[in-house]
Amino acid sequence: MNLRGATALVTGSNRGIGHHFAVELLRRGARVYATARRPELVDVPGAEVLRLDITDQGSVDAAAAVATDVDVLINNGAATGGGSLVSGDLEAIRRVMDTNYYGTLAMIRAFAPVLARNGGGAILNVLSGAAWAAVEGNSAYAAAKSAQWGLTNGVRLELAGQGTLVAGLVPGMVATETMKEFARGAGITLPEDVLIQPDELVRLALDGLEAGDVEILDRLATELKAGLTGPPRALDVRDYAKAG
Ligand SMILES: NC(=O)c1ccc[n+]([C@@H]2O[C@H](COP(=O)([O-])OP(=O)(O)OC[C@H]3O[C@@H](n4cnc5c(N)ncnc54)[C@H](OP(=O)(O)O)[C@@H]3O)[C@@H](O)[C@H]2O)c1
């Protein structure tokens with residue numbers, strides 16, 4: 001699909017990967033709704049800023065009622081904590097599932113009719129290589145990302161009839177503040193060549209979307225997906241730490 005002249009909506013565009021999506025979509029000639037729970041933190045000149053909390057049905061419905069010209073939906077916003085499944089805080093485990101799975105689903109259900117009216121368009125869900133490996137110290141997040149991957153595959157079939165392309169972006173480890181904090185918390189430094197920069201990831205994602213790809217993987221995610229043919233394994237960020 002051609003992004004020039006398209007109208008895109010990005011969730012969680014006040015920071016991290018979402019901010020880069022909004023900026024790069026504008027650069028490619030799309031109109032952009034840059035949404036966030038705290039719209040005052042959005043810094044994307046040229047975008048229309050909307051308040052949007054994907055776990056609040058009223059907020060999701062209000063966005064779908066205003067942004068009626070959307071033909072590209074980027075489901076990026078999500079909680080990335082969650083902790084451990086057995087010993088962690090159940091509220092955090094629910095929050096990570098609520099945003100990644102139910103929040104993404106709420107957005108898709110609200111915007112599917114909008115996309116249909118606008119000719120089909122595309123949905124890009126920001127998944128994670130963690131969907132394909134347990135993550136040491138954040139197993140709840142990995143499980144939520146697995147659920148979001150399944151959701152993406154199901155919705156792709158369900159929306160094919162209305163001509164909506166449903167794609168998944170699968171990053172490995174991205175150099176956002178959230179990722180760096182997680183690494184700091186684990187007491188490690190990740191070498192630059194292990195991380196992909198958020199602007200590079202977003203260019204890869206939008207190139208893939210423009211080419212009509214249904215799954216867009218970076219290098220680490222490609223490795224993790226290949227590993228699915230073997231026994232289940234863990235993604236421990238410490239394995240990627242700088243030697244010495
Ligand atoms: N960084 C990585 O290494 C990596 C790897 C693979 C996949 N991903 C995925 O990439 C996406 C973005 O990650 P990131 O590293 O850019 O994370 P981030 O910097 O922590 O940003 C997360 C964004 O999601 C928003 N958000 C959280 N809960 C929300 C809600 N209920 N409604 C709307 N927005 C909400 C946050 O808003 P607030 O500022 O209000 O909290 C923030 O804007 C996530 O889906 C993540 O799972 C990241």
# chains A, B, ... in the order shown; residues from 1 in each chain; ligands from 1
$ residues_near_ligand --ligand "ligand 1" --cutoff "7 Å" --atoms "only C-alpha atoms and all ligand atoms" --output "ChimeraX atom specification"
/A:11-18,36-38,52-55,76-80,99-100,103,126-129,170-179
$ select_by_dssp --residues "stretch 58-150 of chain A" --states "strand (DSSP E or B)" --output "ChimeraX atom specification"
/A:72-75,122-126,134-135
$ residues_around --residues "stretch 236-240 of chain A" --least-positions-apart "6" --cutoff "9 Å" --atoms "only C-alpha atoms" --output "JSON list (two decimals) with C-alpha atoms, in the first residue's frame"
[["chain", "number", "residue", "atom", "x", "y", "z"],
["A", 134, "ALA", "CA", 10.15, -16.96, 27.32],
["A", 135, "VAL", "CA", 11.84, -13.82, 28.66],
["A", 136, "GLU", "CA", 13.86, -14.23, 31.85],
["A", 137, "GLY", "CA", 12.40, -11.74, 34.37],
["A", 173, "MET", "CA", 15.49, -5.57, 21.03],
["A", 183, "ALA", "CA", 18.83, -3.83, 30.68],
["A", 186, "ALA", "CA", 19.25, -6.57, 34.84],
["A", 187, "GLY", "CA", 22.67, -4.99, 35.49],
["A", 188, "ILE", "CA", 23.98, -5.30, 31.94],
["A", 189, "THR", "CA", 25.03, -3.17, 28.99],
["A", 190, "LEU", "CA", 23.71, -4.26, 25.63],
["A", 191, "PRO", "CA", 26.15, -3.77, 22.74],
["A", 194, "VAL", "CA", 22.47, -6.20, 19.30]]
$ closest_residue --among "A:Glu91, A:Val10, A:Met1, A:Ile108" --to "A:Asp213" --atoms "only C-alpha atoms"
A:Met1
$ select_by_dssp --residues "stretch 185-225 of chain A" --states "alpha helix (DSSP H)" --output "list in words"
Gly185, Pro198, Asp199, Glu200, Leu201, Val202, Arg203, Leu204, Ala205, Leu206, Asp207, Gly208, Leu209, Glu210, Ala211, Arg219, Leu220, Ala221, Thr222, Glu223, Leu224 and Lys225 of chain A
$ write_last_selection --atoms "N, CA and C atoms" --output "PDB file, in the first residue's frame"
ATOM      1  N   GLY A 185      18.266  -2.514  34.738  1.00  0.00           N
ATOM      2  CA  GLY A 185      17.693  -3.252  35.881  1.00  0.00           C
ATOM      3  C   GLY A 185      18.297  -4.646  35.992  1.00  0.00           C
ATOM      4  N   PRO A 198      15.266   2.709  16.991  1.00  0.00           N
ATOM      5  CA  PRO A 198      13.828   2.807  16.688  1.00  0.00           C
ATOM      6  C   PRO A 198      13.523   3.419  15.325  1.00  0.00           C
ATOM      7  N   ASP A 199      14.328   4.382  14.867  1.00  0.00           N
ATOM      8  CA  ASP A 199      14.037   4.982  13.554  1.00  0.00           C
ATOM      9  C   ASP A 199      14.305   3.980  12.428  1.00  0.00           C
ATOM     10  N   GLU A 200      15.350   3.148  12.611  1.00  0.00           N
ATOM     11  CA  GLU A 200      15.671   2.125  11.593  1.00  0.00           C
ATOM     12  C   GLU A 200      14.561   1.064  11.564  1.00  0.00           C
ATOM     13  N   LEU A 201      14.095   0.671  12.753  1.00  0.00           N
ATOM     14  CA  LEU A 201      13.015  -0.325  12.836  1.00  0.00           C
ATOM     15  C   LEU A 201      11.753   0.181  12.129  1.00  0.00           C
ATOM     16  N   VAL A 202      11.429   1.448  12.356  1.00  0.00           N
ATOM     17  CA  VAL A 202      10.214   2.015  11.775  1.00  0.00           C
ATOM     18  C   VAL A 202      10.328   2.098  10.247  1.00  0.00           C
ATOM     19  N   ARG A 203      11.503   2.408   9.745  1.00  0.00           N
ATOM     20  CA  ARG A 203      11.682   2.429   8.269  1.00  0.00           C
ATOM     21  C   ARG A 203      11.479   1.021   7.715  1.00  0.00           C
ATOM     22  N   LEU A 204      12.058   0.022   8.402  1.00  0.00           N
ATOM     23  CA  LEU A 204      11.888  -1.386   7.985  1.00  0.00           C
ATOM     24  C   LEU A 204      10.397  -1.753   7.980  1.00  0.00           C
ATOM     25  N   ALA A 205       9.688  -1.330   9.037  1.00  0.00           N
ATOM     26  CA  ALA A 205       8.262  -1.657   9.182  1.00  0.00           C
ATOM     27  C   ALA A 205       7.445  -1.030   8.058  1.00  0.00           C
ATOM     28  N   LEU A 206       7.697   0.233   7.788  1.00  0.00           N
ATOM     29  CA  LEU A 206       6.865   0.922   6.793  1.00  0.00           C
ATOM     30  C   LEU A 206       7.238   0.501   5.374  1.00  0.00           C
ATOM     31  N   ASP A 207       8.504   0.152   5.146  1.00  0.00           N
ATOM     32  CA  ASP A 207       8.876  -0.427   3.841  1.00  0.00           C
ATOM     33  C   ASP A 207       8.100  -1.730   3.643  1.00  0.00           C
ATOM     34  N   GLY A 208       8.040  -2.553   4.701  1.00  0.00           N
ATOM     35  CA  GLY A 208       7.333  -3.834   4.630  1.00  0.00           C
ATOM     36  C   GLY A 208       5.843  -3.629   4.386  1.00  0.00           C
ATOM     37  N   LEU A 209       5.280  -2.667   5.101  1.00  0.00           N
ATOM     38  CA  LEU A 209       3.842  -2.394   4.938  1.00  0.00           C
ATOM     39  C   LEU A 209       3.559  -1.925   3.510  1.00  0.00           C
ATOM     40  N   GLU A 210       4.430  -1.062   2.991  1.00  0.00           N
ATOM     41  CA  GLU A 210       4.217  -0.555   1.621  1.00  0.00           C
ATOM     42  C   GLU A 210       4.353  -1.693   0.602  1.00  0.00           C
ATOM     43  N   ALA A 211       5.186  -2.700   0.954  1.00  0.00           N
ATOM     44  CA  ALA A 211       5.371  -3.834   0.034  1.00  0.00           C
ATOM     45  C   ALA A 211       4.271  -4.883   0.190  1.00  0.00           C
ATOM     46  N   ARG A 219      16.551  -8.581  12.603  1.00  0.00           N
ATOM     47  CA  ARG A 219      17.502  -9.701  12.588  1.00  0.00           C
ATOM     48  C   ARG A 219      17.294 -10.673  13.766  1.00  0.00           C
ATOM     49  N   LEU A 220      17.167 -10.117  14.982  1.00  0.00           N
ATOM     50  CA  LEU A 220      17.017 -10.980  16.153  1.00  0.00           C
ATOM     51  C   LEU A 220      15.695 -11.753  16.103  1.00  0.00           C
ATOM     52  N   ALA A 221      14.643 -11.099  15.655  1.00  0.00           N
ATOM     53  CA  ALA A 221      13.339 -11.777  15.559  1.00  0.00           C
ATOM     54  C   ALA A 221      13.406 -12.916  14.535  1.00  0.00           C
ATOM     55  N   THR A 222      14.163 -12.709  13.469  1.00  0.00           N
ATOM     56  CA  THR A 222      14.321 -13.767  12.455  1.00  0.00           C
ATOM     57  C   THR A 222      14.974 -14.995  13.085  1.00  0.00           C
ATOM     58  N   GLU A 223      15.998 -14.752  13.929  1.00  0.00           N
ATOM     59  CA  GLU A 223      16.687 -15.851  14.643  1.00  0.00           C
ATOM     60  C   GLU A 223      15.720 -16.565  15.578  1.00  0.00           C
ATOM     61  N   LEU A 224      14.928 -15.767  16.303  1.00  0.00           N
ATOM     62  CA  LEU A 224      14.008 -16.360  17.282  1.00  0.00           C
ATOM     63  C   LEU A 224      12.931 -17.190  16.590  1.00  0.00           C
ATOM     64  N   LYS A 225      12.450 -16.713  15.443  1.00  0.00           N
ATOM     65  CA  LYS A 225      11.411 -17.475  14.753  1.00  0.00           C
ATOM     66  C   LYS A 225      11.983 -18.786  14.214  1.00  0.00           C
TER      67      LYS A 225
END
$ residues_around --residues "A:Gly119" --least-positions-apart "4" --cutoff "8 Å" --atoms "only C-alpha atoms" --output "list in words"
Asp71, Leu115, Gln162 and Gly163 of chain A
